[in-house]
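Content type mmCIF, C-alpha atoms, from the file my_file_19.cif:
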data_query
loop_
_atom_site.label_atom_id
_atom_site.label_comp_id
_atom_site.auth_asym_id
_atom_site.auth_seq_id
_atom_site.Cartn_x
_atom_site.Cartn_y
_atom_site.Cartn_z
CA MET T 27 118.98 115.13 64.11
CA ALA T 28 119.52 118.41 65.92
CA THR T 29 118.84 118.55 69.62
CA ASN T 30 116.50 121.23 70.85
CA ALA T 31 117.83 122.62 74.14
CA LEU T 32 114.32 123.33 75.38
CA ALA T 33 112.71 120.02 74.56
CA THR T 34 114.64 116.80 74.25
CA ARG T 35 112.97 113.57 73.26
CA SER T 36 112.68 110.58 75.53
CA ALA T 37 113.08 106.96 74.39
CA ASN T 38 109.46 106.82 73.22
CA ASN T 39 110.06 109.92 71.05
CA VAL T 40 107.84 112.24 73.12
CA ALA T 41 109.09 115.77 73.75
CA ASP T 42 110.04 116.42 77.39
CA PRO T 43 109.95 120.16 78.11
CA LEU T 44 111.38 119.66 81.63
CA ALA T 45 114.51 117.97 80.28
CA VAL T 46 116.24 121.34 80.22
CA PHE T 47 116.39 121.12 84.03
CA ASP T 48 118.00 117.66 84.13
CA PRO T 49 121.62 118.89 84.15
CA TRP T 50 120.85 121.27 87.02
CA PHE T 51 119.12 118.63 89.14
CA SER T 52 121.68 115.92 88.43
CA SER T 53 124.57 118.17 89.45
CA PHE T 54 122.83 119.85 92.40
CA PHE T 55 124.09 117.35 94.96
CA HIS T 56 127.60 117.28 93.56
CA GLU T 57 128.38 120.94 92.91
CA PRO T 58 130.02 123.10 95.57
CA PHE T 59 127.68 124.63 98.11
CA PHE T 60 129.60 126.93 100.42
CA GLY T 61 132.70 124.79 99.98
CA LYS T 62 130.88 121.44 100.29
CA SER T 63 128.50 119.46 98.15
CA ALA T 64 124.86 120.28 98.87
CA MET T 65 124.25 116.82 100.29
CA THR T 66 127.15 117.21 102.71
CA ALA T 67 125.92 120.65 103.72
CA PHE T 68 122.39 119.39 104.35
CA LYS T 69 123.65 116.37 106.29
CA SER T 70 125.87 118.56 108.47
CA MET T 71 122.80 120.47 109.61
CA GLU T 72 121.52 117.29 111.18
CA SER T 73 122.65 116.51 114.67
CA PHE T 74 122.45 113.36 116.68
CA VAL T 75 119.26 113.16 118.72
CA PRO T 76 118.15 109.71 119.86
CA ALA T 77 114.57 108.74 119.11
CA MET T 78 112.43 108.60 122.26
CA ASP T 79 109.06 107.22 123.26
CA VAL T 80 107.36 108.39 126.44
CA THR T 81 104.46 106.43 127.90
CA GLU T 82 102.41 106.93 131.04
CA SER T 83 100.48 104.51 133.18
CA ALA T 84 98.66 105.00 136.45
CA SER T 85 101.84 104.22 138.39
CA ALA T 86 104.73 105.50 136.25
CA ILE T 87 106.05 107.54 133.35
CA THR T 88 108.43 105.53 131.17
CA LEU T 89 110.91 106.84 128.63
CA HIS T 90 112.57 104.60 126.04
CA ALA T 91 115.46 106.10 124.07
CA ASP T 92 117.42 104.48 121.24
CA VAL T 93 121.07 104.85 122.20
CA PRO T 94 122.95 102.21 120.19
CA GLY T 95 126.70 102.56 120.36
CA ILE T 96 126.63 104.96 123.31
CA LYS T 97 128.45 103.80 126.42
CA ARG T 98 126.56 103.84 129.70
CA GLU T 99 129.11 106.21 131.21
CA ASP T 100 128.47 108.70 128.37
CA ILE T 101 124.80 109.11 129.34
CA LYS T 102 123.68 111.37 132.20
CA ILE T 103 120.24 111.61 133.77
CA SER T 104 119.46 114.52 136.06
CA LEU T 105 116.40 115.70 137.96
CA LYS T 106 116.03 119.39 138.74
CA GLY T 107 112.66 120.34 140.17
CA SER T 108 110.03 119.02 137.79
CA HIS T 109 112.46 118.58 134.86
CA LEU T 110 114.11 115.27 134.03
CA THR T 111 117.02 115.64 131.58
CA VAL T 112 118.66 112.84 129.62
CA SER T 113 121.90 113.92 127.97
CA GLY T 114 124.94 112.28 126.51
CA THR T 115 127.56 112.09 123.83
CA LYS T 116 127.95 109.72 120.94
CA THR T 117 131.53 109.75 119.72
CA SER T 118 132.49 109.06 116.14
CA GLU T 119 135.01 106.50 115.11
CA THR T 120 138.39 107.79 114.11
CA THR T 121 140.01 106.78 110.88
CA SER T 122 143.66 106.31 110.19
CA LYS T 123 145.50 108.71 107.91
CA ASP T 124 145.64 106.15 105.09
CA GLU T 125 141.82 105.76 105.00
CA HIS T 126 139.46 107.96 103.04
CA ARG T 127 135.77 108.00 103.95
CA HIS T 128 133.45 107.85 100.97
CA VAL T 129 130.13 107.87 102.81
CA VAL T 130 129.48 109.05 106.38
CA GLU T 131 125.86 108.63 107.42
CA ARG T 132 126.12 107.78 111.11
CA ARG T 133 125.69 110.82 113.33
CA SER T 134 127.71 111.69 116.40
CA GLY T 135 127.65 114.53 118.88
CA SER T 136 126.04 115.63 122.10
CA PHE T 137 122.35 115.54 122.83
CA SER T 138 120.04 116.67 125.61
CA ARG T 139 116.33 116.03 126.03
CA THR T 140 114.26 117.40 128.92
CA LEU T 141 110.76 116.45 129.96
CA ARG T 142 108.45 117.54 132.71
CA VAL T 143 107.68 115.12 135.49
CA PRO T 144 105.37 115.57 138.48
CA ALA T 145 106.62 118.26 140.85
CA ASN T 146 106.80 115.86 143.80
CA THR T 147 109.26 113.52 142.01
CA THR T 148 112.48 112.74 143.88
CA ALA T 149 115.66 111.00 142.72
CA ALA T 150 114.50 107.86 144.56
CA ASP T 151 111.48 107.72 142.22
CA VAL T 152 113.67 107.49 139.08
CA THR T 153 115.28 104.27 137.86
CA ALA T 154 117.26 103.76 134.67
CA ARG T 155 118.72 100.83 132.81
CA CYS T 156 120.36 100.38 129.45
CA ALA T 157 120.21 97.11 127.52
CA ASP T 158 120.60 96.25 123.83
CA GLY T 159 120.97 99.90 122.82
CA VAL T 160 117.76 101.05 124.52
CA LEU T 161 117.79 103.31 127.57
CA THR T 162 114.73 102.86 129.79
CA VAL T 163 114.01 105.51 132.43
CA THR T 164 111.07 104.95 134.75
CA VAL T 165 109.64 107.67 136.97
CA ALA T 166 107.33 106.36 139.68
CA LYS T 167 104.24 108.49 140.21
CA HIS T 168 102.86 109.36 143.62
CA PRO T 169 99.14 109.44 144.19
CA GLU T 170 97.93 112.99 143.74
CA ALA T 171 96.21 114.72 146.59
CA SER T 172 92.55 113.93 146.37
CA ASP T 173 89.80 116.47 146.72
CA ALA T 174 88.09 116.42 150.09
CA GLU T 175 85.67 118.56 152.02
CA ILE T 176 86.87 119.89 155.30
CA SER T 177 84.31 120.30 158.02
CA ILE T 178 84.46 123.33 160.23
CA GLN T 179 84.69 122.52 163.86
CA GLU T 180 82.62 124.41 166.42
#
Represent the structure of the file as structure tokens.
Amino acid sequence: MATNALATRSANNVADPLAVFDPWFSSFFHEPFFGKSAMTAFKSMESFVPAMDVTESASAITLHADVPGIKREDIKISLKGSHLTVSGTKTSETTSKDEHRHVVERRSGSFSRTLRVPANTTAADVTARCADGVLTVTVAKHPEASDAEISIQE
């Protein structure tokens, strides 16, 4: 039986007109793409940015960041005006010359995340701790100035 390049037959003997694209799709992630496979090129566009949750209560703003594998000394927290910045570096493991990596999915690199905090925040209002791969930064909130009427004296 001759094979039609435009329509191959599946196991249930039904013509599949899209089968002509199968070789292209199956090789897409393995063929060179600017000197790398497409999957490697797409993965290299990703950078390491820890996932963060920010919550707010009446008394504080709390940030939780996933930082597994990052040493405490590789994380910096700074307060400049009304901007709180969490930055750091996750280093990759080195391999010996006799090892060849087949799959590399874990990301490494530098990151920096900045969020606004109340303008009257001072360094004394910010506390941070890191346990079990989660960084917790708490920013205490000050009561805001309340509205009031001012009487004019005679």
task = Compile the contact shell of T:Leu161 as a list in words: residues with an atom at most 8 Å away, counting all atoms listed in the file, same-chain residues fewer than 4 positions apart removed.
result =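 So, after excluding close chain neighbours, the residues are Leu89, His90, Ala91, Asp92, Val93, Ala154, Arg155, Cys156 and Ala157 of chain T.
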Convert the current residue selection to file output with C-alpha atoms, as a PDB file, keeping the file's coordinate frame.
ATOM      1  CA  LEU T  89     110.910 106.840 128.630  1.00  0.00           C
ATOM      2  CA  HIS T  90     112.570 104.600 126.040  1.00  0.00           C
ATOM      3  CA  ALA T  91     115.460 106.100 124.070  1.00  0.00           C
ATOM      4  CA  ASP T  92     117.420 104.480 121.240  1.00  0.00           C
ATOM      5  CA  VAL T  93     121.070 104.850 122.200  1.00  0.00           C
ATOM      6  CA  ALA T 154     117.260 103.760 134.670  1.00  0.00           C
ATOM      7  CA  ARG T 155     118.720 100.830 132.810  1.00  0.00           C
ATOM      8  CA  CYS T 156     120.360 100.380 129.450  1.00  0.00           C
ATOM      9  CA  ALA T 157     120.210  97.110 127.520  1.00  0.00           C
TER      10      ALA T 157
END
message = the PyMOL selection byres ((chain T and resi 80) around 10) - which residues does that actually catch in the file I just gave you? List them as a ChimeraX atom specification.
response = /T:78-79,81-82,87-91,141,162-164
If you keep C-alpha atoms, can you produce a file of those selected residues as an mmCIF file, keeping the file's coordinate frame?
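Okay, again-v7.cif is ready:
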data_model
loop_
_atom_site.group_PDB
_atom_site.id
_atom_site.type_symbol
_atom_site.label_atom_id
_atom_site.label_comp_id
_atom_site.auth_asym_id
_atom_site.auth_seq_id
_atom_site.Cartn_x
_atom_site.Cartn_y
_atom_site.Cartn_z
ATOM 1 C CA MET T 78 112.430 108.600 122.260
ATOM 2 C CA ASP T 79 109.060 107.220 123.260
ATOM 3 C CA THR T 81 104.460 106.430 127.900
ATOM 4 C CA GLU T 82 102.410 106.930 131.040
ATOM 5 C CA ILE T 87 106.050 107.540 133.350
ATOM 6 C CA THR T 88 108.430 105.530 131.170
ATOM 7 C CA LEU T 89 110.910 106.840 128.630
ATOM 8 C CA HIS T 90 112.570 104.600 126.040
ATOM 9 C CA ALA T 91 115.460 106.100 124.070
ATOM 10 C CA LEU T 141 110.760 116.450 129.960
ATOM 11 C CA THR T 162 114.730 102.860 129.790
ATOM 12 C CA VAL T 163 114.010 105.510 132.430
ATOM 13 C CA THR T 164 111.070 104.950 134.750
#
task = Determine, counting only C-alpha atoms, which protein, DNA and RNA residues have an atom within 9 Å of an atom of T:Ala86; residues of the same chain fewer than 6 positions away are not included. Present the result as a list in words.
result =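 Here the qualifying residues turn out to be Thr164, Val165, Ala166, Lys167 and His168 of chain T.
Going from atom CA of T:Thr153 to atom CA of T:Ser134 covers 25.9 Å.
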Please enumerate the residues selected by the PyMOL selection byres ((chain T and resi 117) around 12) when evaluated against the supplied file, formatted as a PDB file with C-alpha atoms, in the coordinates of the input.
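To be explicit, this is the file written out as expr34.pdb:
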ATOM      1  CA  PHE T  74     122.450 113.360 116.680  1.00  0.00           C
ATOM      2  CA  VAL T  93     121.070 104.850 122.200  1.00  0.00           C
ATOM      3  CA  PRO T  94     122.950 102.210 120.190  1.00  0.00           C
ATOM      4  CA  GLY T  95     126.700 102.560 120.360  1.00  0.00           C
ATOM      5  CA  ILE T  96     126.630 104.960 123.310  1.00  0.00           C
ATOM      6  CA  LYS T  97     128.450 103.800 126.420  1.00  0.00           C
ATOM      7  CA  ASP T 100     128.470 108.700 128.370  1.00  0.00           C
ATOM      8  CA  ILE T 101     124.800 109.110 129.340  1.00  0.00           C
ATOM      9  CA  GLY T 114     124.940 112.280 126.510  1.00  0.00           C
ATOM     10  CA  THR T 115     127.560 112.090 123.830  1.00  0.00           C
ATOM     11  CA  LYS T 116     127.950 109.720 120.940  1.00  0.00           C
ATOM     12  CA  SER T 118     132.490 109.060 116.140  1.00  0.00           C
ATOM     13  CA  GLU T 119     135.010 106.500 115.110  1.00  0.00           C
ATOM     14  CA  THR T 120     138.390 107.790 114.110  1.00  0.00           C
ATOM     15  CA  ARG T 132     126.120 107.780 111.110  1.00  0.00           C
ATOM     16  CA  ARG T 133     125.690 110.820 113.330  1.00  0.00           C
ATOM     17  CA  SER T 134     127.710 111.690 116.400  1.00  0.00           C
ATOM     18  CA  GLY T 135     127.650 114.530 118.880  1.00  0.00           C
ATOM     19  CA  SER T 136     126.040 115.630 122.100  1.00  0.00           C
ATOM     20  CA  PHE T 137     122.350 115.540 122.830  1.00  0.00           C
TER      21      PHE T 137
END
ask   = How far is it from atom CA of T:Thr148 to atom CA of T:Gly107, in Å with one decimal?
value =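 A separation of 8.5 Å between them.
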12 Å contact set for T:Pro169, only C-alpha atoms, chain neighbours under 4 positions out, as a compact mmCIF listing (two decimals) with C-alpha atoms, in the frame of the given file:
# COMPACT_ATOMS: atom_id res chain seq x y z
CA ALA T 84 98.66 105.00 136.45
CA SER T 85 101.84 104.22 138.39
CA ALA T 86 104.73 105.50 136.25
CA PRO T 144 105.37 115.57 138.48
CA ASN T 146 106.80 115.86 143.80
CA THR T 147 109.26 113.52 142.01
CA ASP T 173 89.80 116.47 146.72
ask   = Just how far from atom CA of T:Ser83 is atom CA of T:Gly159, in Å to one decimal?
value = 23.4 Å
message = Which residues are close to T:Ser138, i.e. within 8 Å by all atoms listed in the file, leaving aside same-chain residues fewer than 2 positions away? Reply as an MDAnalysis selection string.
response = chainID T and resid 75 111:114 136 140
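Nearest-residue note for T:Val152: choosing from T:Arg139, T:Asp124, T:Leu110, T:Ala174, the minimum distance belongs to T:Leu110, counting only C-alpha atoms.
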